[in-house]
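Novice: For reference, this is work-v5.txt, and it has compact mmCIF, C-alpha atoms and all ligand atoms.
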# COMPACT_ATOMS: atom_id res chain seq x y z
CA MET A 751 26.16 -59.85 76.02
CA PRO A 752 26.23 -62.76 78.53
CA LYS A 753 23.10 -63.15 80.65
CA PHE A 754 25.03 -62.94 83.94
CA GLU A 755 28.23 -61.14 84.71
CA ILE A 756 30.80 -63.22 86.62
CA PRO A 757 32.16 -61.18 89.56
CA ARG A 758 35.73 -59.92 89.17
CA LYS A 759 36.93 -61.73 92.30
CA VAL A 760 35.61 -65.03 90.95
CA ILE A 761 37.44 -64.44 87.65
CA GLU A 762 40.62 -63.78 89.66
CA ILE A 763 40.27 -67.00 91.66
CA ARG A 764 39.74 -69.06 88.49
CA GLU A 765 42.75 -67.40 86.87
CA ASN A 766 44.89 -68.09 89.96
CA ILE A 767 43.91 -71.77 89.82
CA ARG A 768 44.56 -71.97 86.07
CA THR A 769 48.00 -70.38 86.35
CA MET A 770 48.82 -72.38 89.51
CA ARG A 771 49.18 -69.41 91.86
CA ILE A 772 46.59 -71.40 93.78
CA ARG A 773 47.69 -75.03 93.51
CA GLY A 774 47.45 -78.38 95.26
CA ALA A 775 44.13 -80.22 95.16
CA GLY A 776 42.98 -79.21 98.65
CA ARG A 777 43.71 -75.51 98.22
CA ILE A 778 42.08 -75.58 94.79
CA ALA A 779 38.92 -77.09 96.33
CA ARG A 780 38.78 -74.47 99.10
CA ALA A 781 39.32 -71.67 96.56
CA ALA A 782 36.47 -73.04 94.40
CA ALA A 783 34.11 -73.08 97.40
CA GLU A 784 35.19 -69.54 98.28
CA ALA A 785 34.51 -68.43 94.68
CA LEU A 786 30.92 -69.73 94.95
CA ALA A 787 30.39 -67.93 98.26
CA ILE A 788 31.68 -64.68 96.72
CA ALA A 789 29.46 -65.18 93.67
CA ALA A 790 26.43 -65.65 95.95
CA GLN A 791 27.28 -62.54 97.97
CA GLU A 792 27.69 -60.46 94.82
CA PHE A 793 24.51 -61.57 93.06
CA LYS A 794 22.34 -58.51 92.55
CA GLY A 795 18.63 -58.50 91.86
CA GLY A 796 16.71 -61.32 90.21
CA ASP A 797 14.71 -64.07 91.84
CA VAL A 798 15.61 -67.49 93.22
CA ARG A 799 15.22 -69.18 89.83
CA GLU A 800 17.63 -66.72 88.22
CA PHE A 801 20.07 -67.10 91.09
CA ILE A 802 20.15 -70.89 90.65
CA GLU A 803 20.79 -70.48 86.93
CA TYR A 804 23.54 -67.94 87.66
CA ILE A 805 25.30 -69.95 90.39
CA ASN A 806 25.34 -73.02 88.13
CA ILE A 807 26.99 -70.96 85.38
CA VAL A 808 29.58 -69.75 87.91
CA GLY A 809 30.06 -73.38 89.03
CA ASP A 810 30.78 -74.53 85.46
CA TYR A 811 33.14 -71.61 84.95
CA VAL A 812 35.15 -72.34 88.12
CA ARG A 813 35.14 -76.11 87.48
CA SER A 814 36.85 -75.69 84.12
CA ALA A 815 39.96 -74.00 85.55
CA ARG A 816 42.08 -77.20 85.62
CA PRO A 817 41.14 -80.71 84.51
CA THR A 818 42.79 -83.33 86.73
CA ALA A 819 42.16 -82.69 90.44
CA VAL A 820 38.64 -83.99 91.11
CA SER A 821 38.60 -81.95 94.31
CA LEU A 822 37.69 -78.98 92.09
CA PRO A 823 34.43 -80.36 90.57
CA ASN A 824 33.69 -82.15 93.84
CA ALA A 825 33.89 -78.89 95.84
CA VAL A 826 31.59 -77.16 93.35
CA SER A 827 29.13 -80.09 93.33
CA TYR A 828 29.23 -80.26 97.14
CA VAL A 829 27.74 -76.77 97.28
CA LEU A 830 25.47 -76.93 94.24
CA THR A 831 23.87 -80.32 94.90
CA ARG A 832 22.99 -79.21 98.44
CA LEU A 833 21.39 -76.09 96.98
CA GLN A 834 19.47 -78.17 94.44
CA ARG A 835 18.26 -80.67 97.06
CA ALA A 836 17.22 -77.97 99.56
CA LYS A 837 14.83 -76.42 96.97
CA PRO A 838 14.99 -72.90 98.49
CA THR A 839 11.93 -70.74 97.96
CA SER A 840 13.44 -67.28 98.41
CA LEU A 841 16.53 -65.56 97.01
CA ASP A 842 17.92 -64.81 100.49
CA GLU A 843 17.51 -68.42 101.54
CA ALA A 844 19.31 -69.64 98.40
CA LYS A 845 22.21 -67.17 98.76
CA ASP A 846 22.58 -67.98 102.43
CA LEU A 847 22.63 -71.69 101.69
CA VAL A 848 25.45 -71.34 99.15
CA ILE A 849 27.52 -69.13 101.47
CA LYS A 850 27.06 -71.36 104.52
CA THR A 851 27.66 -74.62 102.61
CA ALA A 852 30.84 -73.20 101.03
CA GLU A 853 32.08 -72.05 104.44
CA TYR A 854 31.30 -75.45 105.92
CA PHE A 855 33.21 -77.18 103.11
CA ILE A 856 36.28 -74.99 103.69
CA GLU A 857 36.21 -75.67 107.43
CA TYR A 858 35.70 -79.40 106.84
CA SER A 859 38.64 -79.46 104.43
CA ARG A 860 40.99 -77.81 106.94
CA LYS A 861 39.96 -80.19 109.72
CA ALA A 862 40.31 -83.18 107.39
CA VAL A 863 43.96 -82.31 106.67
CA LYS A 864 44.63 -82.16 110.42
CA ILE A 865 42.95 -85.52 111.09
CA ILE A 866 44.85 -87.10 108.17
CA GLY A 867 48.06 -85.89 109.82
CA GLU A 868 47.12 -87.53 113.12
CA LEU A 869 45.92 -90.79 111.60
CA GLY A 870 48.82 -91.02 109.18
CA ALA A 871 51.40 -90.39 111.90
CA LYS A 872 50.22 -93.59 113.58
CA ARG A 873 51.49 -95.53 110.60
CA LEU A 874 54.99 -94.10 110.96
CA GLU A 875 57.54 -95.72 113.24
CA TYR A 876 60.30 -94.22 115.37
CA GLY A 877 63.36 -93.63 113.18
CA ASP A 878 61.48 -93.71 109.87
CA VAL A 879 63.09 -91.83 106.99
CA VAL A 880 60.51 -90.51 104.56
CA MET A 881 60.56 -89.64 100.87
CA THR A 882 57.92 -87.36 99.39
CA HIS A 883 57.09 -85.87 96.02
CA CYS A 884 55.66 -82.52 94.88
CA HIS A 885 53.87 -80.42 97.51
CA SER A 886 50.93 -82.01 99.21
CA THR A 887 49.47 -80.32 102.27
CA ALA A 888 48.01 -83.67 103.40
CA ALA A 889 51.36 -85.47 103.07
CA VAL A 890 53.14 -82.60 104.86
CA SER A 891 50.53 -82.83 107.64
CA VAL A 892 51.40 -86.53 108.19
CA ILE A 893 55.16 -85.92 108.16
CA VAL A 894 55.03 -82.91 110.48
CA THR A 895 52.68 -84.64 112.94
CA ALA A 896 54.97 -87.70 113.01
CA HIS A 897 57.94 -85.39 113.54
CA LYS A 898 56.21 -83.72 116.52
CA LEU A 899 55.75 -87.19 118.00
CA GLY A 900 59.50 -87.77 117.62
CA LYS A 901 59.01 -90.46 114.98
CA VAL A 902 60.53 -88.86 111.88
CA ASN A 903 63.52 -86.54 111.59
CA LYS A 904 64.78 -86.95 108.08
CA VAL A 905 62.95 -86.44 104.80
CA TYR A 906 64.05 -86.75 101.19
CA VAL A 907 62.11 -84.28 99.07
CA LYS A 908 62.09 -84.64 95.30
CA GLU A 909 62.40 -81.32 93.51
CA THR A 910 59.46 -82.21 91.18
CA ARG A 911 60.17 -80.87 87.74
CA PRO A 912 59.16 -78.85 85.90
CA LYS A 913 57.41 -76.54 88.39
CA LEU A 914 59.60 -77.42 91.41
CA GLN A 915 56.81 -77.74 93.96
CA GLY A 916 59.28 -79.86 95.97
CA LEU A 917 60.93 -76.61 97.02
CA ILE A 918 57.71 -75.54 98.75
CA THR A 919 57.63 -78.87 100.62
CA ALA A 920 61.34 -78.63 101.50
CA LYS A 921 60.82 -75.19 103.04
CA ALA A 922 57.67 -76.20 104.94
CA LEU A 923 59.37 -79.28 106.42
CA ALA A 924 62.60 -77.44 107.26
CA ASP A 925 60.54 -74.70 108.94
CA ALA A 926 58.85 -77.43 110.99
CA GLY A 927 62.28 -78.56 112.20
CA LEU A 928 62.94 -81.64 110.03
CA ASP A 929 66.27 -82.48 108.38
CA VAL A 930 65.45 -82.02 104.72
CA ILE A 931 67.45 -83.31 101.79
CA LEU A 932 66.28 -81.90 98.47
CA ILE A 933 67.09 -84.31 95.65
CA PRO A 934 66.72 -84.29 91.86
CA ASP A 935 63.82 -86.34 90.49
CA SER A 936 66.18 -88.60 88.58
CA SER A 937 67.88 -89.73 91.82
CA VAL A 938 64.84 -91.47 93.32
CA ARG A 939 66.27 -94.99 92.93
CA TYR A 940 69.68 -93.89 94.18
CA PHE A 941 68.18 -92.65 97.46
CA MET A 942 65.43 -95.23 97.98
CA LYS A 943 67.79 -97.52 99.93
CA LYS A 944 68.02 -94.83 102.63
CA VAL A 945 64.25 -94.48 102.93
CA SER A 946 61.72 -96.48 104.97
CA LYS A 947 58.37 -94.88 103.96
CA VAL A 948 57.07 -92.94 100.97
CA ILE A 949 54.23 -90.48 101.56
CA VAL A 950 52.54 -88.57 98.76
CA GLY A 951 49.26 -86.73 98.21
CA ALA A 952 46.54 -87.20 95.60
CA ASP A 953 44.70 -85.12 93.07
CA THR A 954 42.19 -87.84 92.32
CA VAL A 955 41.50 -91.36 93.57
CA ALA A 956 39.71 -93.60 91.07
CA ALA A 957 37.09 -96.24 91.90
CA ASN A 958 39.69 -99.03 91.60
CA GLY A 959 42.02 -97.29 94.08
CA ALA A 960 44.45 -95.94 91.49
CA VAL A 961 45.86 -92.58 92.53
CA ILE A 962 46.40 -89.69 90.17
CA ASN A 963 49.03 -87.30 91.48
CA LYS A 964 51.88 -85.12 90.24
CA ILE A 965 53.88 -86.64 87.39
CA GLY A 966 56.61 -88.84 88.83
CA THR A 967 54.51 -90.21 91.69
CA SER A 968 54.07 -93.58 89.96
CA LEU A 969 57.83 -93.83 89.49
CA VAL A 970 58.49 -93.25 93.21
CA ALA A 971 55.87 -95.88 94.08
CA LEU A 972 57.39 -98.34 91.60
CA VAL A 973 60.90 -97.85 92.98
CA ALA A 974 59.56 -98.11 96.54
CA LYS A 975 57.86 -101.39 95.71
CA GLU A 976 61.09 -102.75 94.26
CA ALA A 977 62.89 -101.76 97.49
CA ARG A 978 60.05 -103.11 99.70
CA VAL A 979 59.39 -99.64 101.06
CA ARG A 980 55.76 -98.85 101.88
CA THR A 981 53.95 -96.13 99.94
CA TYR A 982 51.14 -94.19 101.63
CA VAL A 983 48.80 -91.73 99.98
CA ALA A 984 47.39 -88.94 102.17
CA THR A 985 44.14 -87.55 100.82
CA GLU A 986 40.81 -86.04 101.84
CA THR A 987 37.73 -87.97 100.69
CA TYR A 988 36.64 -85.19 98.35
CA LYS A 989 39.50 -86.27 96.08
CA PHE A 990 37.70 -89.55 95.29
CA SER A 991 36.12 -89.44 91.86
CA PRO A 992 32.46 -90.54 91.54
CA ARG A 993 32.63 -90.26 87.75
CA THR A 994 35.17 -93.10 87.58
CA VAL A 995 32.41 -95.40 88.88
CA ILE A 996 30.49 -94.84 85.64
CA GLY A 997 33.58 -95.58 83.58
CA GLU A 998 34.98 -92.12 82.99
CA LEU A 999 38.75 -91.78 82.81
CA VAL A 1000 40.58 -89.05 84.70
CA PRO A 1001 41.84 -86.41 82.24
CA ILE A 1002 45.57 -85.80 82.56
CA GLU A 1003 46.50 -82.15 82.30
CA VAL A 1004 49.12 -81.30 79.69
CA ARG A 1005 50.79 -77.93 80.25
CA ASP A 1006 52.83 -75.55 78.16
CA PRO A 1007 56.22 -76.74 76.79
CA THR A 1008 57.77 -73.52 78.07
CA GLU A 1009 57.52 -74.95 81.59
CA ILE A 1010 60.34 -77.28 80.40
CA VAL A 1011 62.35 -75.24 77.88
CA SER A 1012 62.36 -71.58 76.87
CA ASN A 1013 60.57 -70.15 73.84
CA GLU A 1014 63.98 -69.33 72.40
CA TRP A 1015 65.08 -72.96 72.70
CA LEU A 1016 61.87 -74.08 71.02
CA ARG A 1017 62.44 -71.63 68.15
CA ASN A 1018 66.06 -72.83 67.72
CA ASN A 1019 65.03 -76.49 67.71
CA PRO A 1020 61.99 -76.71 65.42
CA GLY A 1021 62.56 -80.45 64.95
CA VAL A 1022 61.92 -81.21 68.64
CA GLU A 1023 58.46 -81.73 70.05
CA VAL A 1024 58.16 -81.03 73.79
CA TYR A 1025 55.36 -82.73 75.69
CA ASN A 1026 54.54 -81.83 79.29
CA PRO A 1027 51.94 -84.06 81.00
CA VAL A 1028 51.77 -83.05 84.66
CA PHE A 1029 50.03 -85.96 86.40
CA ASP A 1030 50.36 -89.73 86.28
CA VAL A 1031 48.48 -92.77 87.53
CA THR A 1032 49.82 -95.01 90.29
CA PRO A 1033 48.06 -98.39 90.17
CA PRO A 1034 46.56 -99.68 93.44
CA GLU A 1035 49.10 -102.54 93.62
CA TYR A 1036 51.80 -99.95 94.32
CA ILE A 1037 49.97 -98.30 97.21
CA ASP A 1038 50.03 -99.82 100.70
CA ALA A 1039 47.27 -97.64 102.17
CA ILE A 1040 45.28 -94.50 101.58
CA ILE A 1041 45.08 -92.23 104.62
CA THR A 1042 41.81 -90.28 104.65
CA GLU A 1043 40.02 -88.26 107.34
CA LYS A 1044 37.51 -91.14 107.50
CA GLY A 1045 40.16 -93.73 108.24
CA ILE A 1046 43.08 -95.58 106.69
CA ILE A 1047 41.94 -97.88 103.90
CA PRO A 1048 43.53 -100.26 101.42
CA PRO A 1049 43.31 -98.72 97.92
CA GLN A 1050 40.91 -101.50 96.89
CA ALA A 1051 38.38 -100.07 99.39
CA ALA A 1052 38.14 -96.76 97.49
CA ILE A 1053 34.76 -97.84 96.18
CA LEU A 1054 33.40 -97.98 99.75
CA ILE A 1055 34.31 -94.32 100.30
CA LEU A 1056 32.74 -93.48 96.96
CA ILE A 1057 29.49 -95.25 97.80
CA GLU A 1058 29.32 -93.67 101.25
CA GLU A 1059 30.19 -90.14 100.13
CA TYR A 1060 28.74 -90.03 96.63
CA GLY A 1061 26.19 -92.90 96.50
CA LEU A 1062 23.31 -90.60 95.69
CA SER A 1063 25.13 -88.66 93.01
CA ILE A 1064 26.42 -91.91 91.44
CA LYS A 1065 22.81 -93.15 91.25
CA GLU A 1066 21.76 -89.81 89.70
CA GLN A 1067 24.56 -90.06 87.13
CA LEU A 1068 23.57 -93.61 86.20
CA LYS A 1069 19.98 -92.42 85.72
CA GLU A 1070 21.12 -89.42 83.70
CA HIS A 1071 22.96 -91.75 81.29
CA ASP A 1072 20.00 -94.13 81.33
CA PHE A 1073 22.09 -96.94 82.83
CA VAL A 1074 19.08 -98.19 84.73
CA ILE A 1075 17.42 -101.60 84.63
CA ARG A 1076 13.68 -101.28 85.31
CA GLU A 1077 11.81 -104.30 86.64
CA GLU A 1078 8.74 -103.54 84.49
CA GLU A 1079 10.83 -103.62 81.32
CA LEU A 1080 12.27 -107.01 82.24
CA ARG A 1081 8.80 -108.43 82.66
CA GLU A 1082 7.57 -107.17 79.25
C1 LIG A 1101 49.92 -80.81 93.26
C2 LIG A 1101 49.93 -82.26 93.59
C3 LIG A 1101 49.66 -82.62 95.04
C4 LIG A 1101 48.17 -82.91 95.21
C5 LIG A 1101 47.78 -83.05 96.66
O1 LIG A 1101 49.92 -80.57 91.88
O2 LIG A 1101 50.07 -83.13 92.77
O3 LIG A 1101 50.38 -83.76 95.40
O4 LIG A 1101 47.40 -81.88 94.63
O5 LIG A 1101 48.01 -81.83 97.31
P1 LIG A 1101 49.87 -79.04 91.35
P2 LIG A 1101 47.22 -81.44 98.67
O6 LIG A 1101 51.02 -78.33 91.98
O7 LIG A 1101 50.00 -79.16 89.87
O8 LIG A 1101 48.53 -78.46 91.75
O9 LIG A 1101 47.47 -82.55 99.64
O10 LIG A 1101 47.84 -80.13 99.07
O11 LIG A 1101 45.78 -81.32 98.33
Using the file provided, produce a representation of the structure as C-alpha cells.

Specialist:
Amino acid sequence: MPKFEIPRKVIEIRENIRTMRIRGAGRIARAAAEALAIAAQEFKGGDVREFIEYINIVGDYVRSARPTAVSLPNAVSYVLTRLQRAKPTSLDEAKDLVIKTAEYFIEYSRKAVKIIGELGAKRLEYGDVVMTHCHSTAAVSVIVTAHKLGKVNKVYVKETRPKLQGLITAKALADAGLDVILIPDSSVRYFMKKVSKVIVGADTVAANGAVINKIGTSLVALVAKEARVRTYVATETYKFSPRTVIGELVPIEVRDPTEIVSNEWLRNNPGVEVYNPVFDVTPPEYIDAIITEKGIIPPQAAILILIEEYGLSIKEQLKEHDFVIREEELRE
C-alpha cells in the first residue's frame, strides 16, 4: 500500500502527457504545474512535513511522464524549489504556496509565448516566406504576429512524421489567415529555395546553445544553412536545461514502432527492426538566434540565460554532486 494516494486527476494529466494528448513543451509544462496545484488542493489531512513529502512524490511522478522536454522537470522544480525555500510552517501555508506558484507559472508561460511572438516578429521582414516544423505554439506565435503586421503571408509546413503534428500547425496558421502549404518531410530541400526564414520551437536548449526539438528539426536547419536561409528558434526560458551545465546529456525519447508501421506489418516482417526516435539535436552553428521572452539571443548565449534563471539551482546541483572546491582544502 503506497504511503500517499495520487489524485485521479493527476494520474489523468500524466497519462495525457505520456500518450501525447497533451503535447508540445509549453503545454506539457503548464499541465505539470496544474497537476501540482490539483495535488495540493486534494491533499487531505496530515501536517506540513507530510505534505512536503507527498508533493515531492507527486512531482517525481509527473516529471517521469516523458523524458526529453526539460520544460516538464523545470515546471515541477519551479514550484517545488519555491516551496522548499519558503520553509512554510503550516499546512495551509504550504498548500497555498504550491497552488499560487503553479498558477503564476501558468500565467507566466502564456504571457511568455505572447512576448516571444512580438519579439520574434521584429526579426521577420515584409514578404518573408517561412518554413516550420512540427507544432510549436511559440513558433506559431511568431508567425501569426508577423502575419498580423503584414510581414508574412505564406508558410511551408512540414507534415512531421510519424505523428503528423504539422497538421495542427497547418490548421492553426490557415485559421489565422495565412496561405499554408503542407509538404512532406522528405521535400524540405526541394522547397527551401522558396523560403526566406525557418522558425521552429524547442523542447530543450542545452548549455552550449544546441536545441533539442522534434525529429527532423536538425535536417531543416542543415538545409537552411546550405541555402543561406536563417533559422530561428522560438522558446520560453523554462526550456533551457540547467542539468546540461553539469554535463548531463538530454535523453532522446524513443517511441513505439507502431507509430511508424502497423502491428500486422511488424508481424509479417520479423526480420525488420523499426526504430522511432522522436527528437534530434540541432547544433548551435545551425541556429541564427533564439527568441525568448527575455530577449533574442545568439545560441552561444544560452549559458547566460541558464545562469540568470537557474544559477542557484546549478550551484545546489554542483554541491549535491560534490563538485565543489573548498579554499580550506586547498590550503591543507
Ligand atoms: C513537440 C515539439 C515542439 C516543441 C515546442 O513535440 O517538438 O516543437 O515542444 O513546442 P511533441 P511549444 O509533439 O512530441 O510534444 O512551442 O508548443 O512549446

Novice: Taking 4 positions as the minimum chain separation for residues in the same chain, which residues sit within 12 Å of A:Pro1007 when counting only C-alpha atoms? Answer as number ranges by chain.

Specialist: A: 912-913, 1011-1017, 1022-1028

Novice: I'd like the interatomic distance between atom CA of A:Arg816 and atom CA of A:Pro1034, to a tenth of an Å.

Specialist: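 It comes out at 24.2 Å.
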
Novice: Point out the residue among A:Gly951, A:Gly776, A:Pro823, A:Gly795 with the least atom-to-atom distance to A:Ile1041, counting all atoms listed in the file.

Specialist: A:Gly951

Novice: Counting only C-alpha atoms and all ligand atoms, which residue out of A:Pro992, A:Ala779, A:Leu841, A:Ile1040 sits closest to ligand LIG 1101 (chain A)?

Specialist: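 Nearest candidate to ligand LIG 1101 (chain A) out of A:Pro992, A:Ala779, A:Leu841, A:Ile1040: A:Ala779.
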
Novice: Return as a ChimeraX atom specification every polymer residue, whether protein, DNA or RNA, with at least one atom no more than 6 Å from an atom of ligand LIG 1101 (chain A); count all atoms listed in the file.

Specialist: /A:773-776,884-889,951-953,963-964

Novice: With distances taken over all atoms listed in the file, which of A:Pro757, A:Pro1020, A:Pro1033, A:Gly867 is nearest to A:Asn958?

Specialist: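 Checking each candidate against A:Asn958, we get A:Pro1033 as the closest.
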
Novice: Select, from A:Gly900, A:Val955, A:Ala790, A:Val808, the residue with the minimum atom-to-atom distance to A:Ala852, counting only C-alpha atoms.

Specialist: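 Under the stated criterion, the closest residue is A:Ala790.
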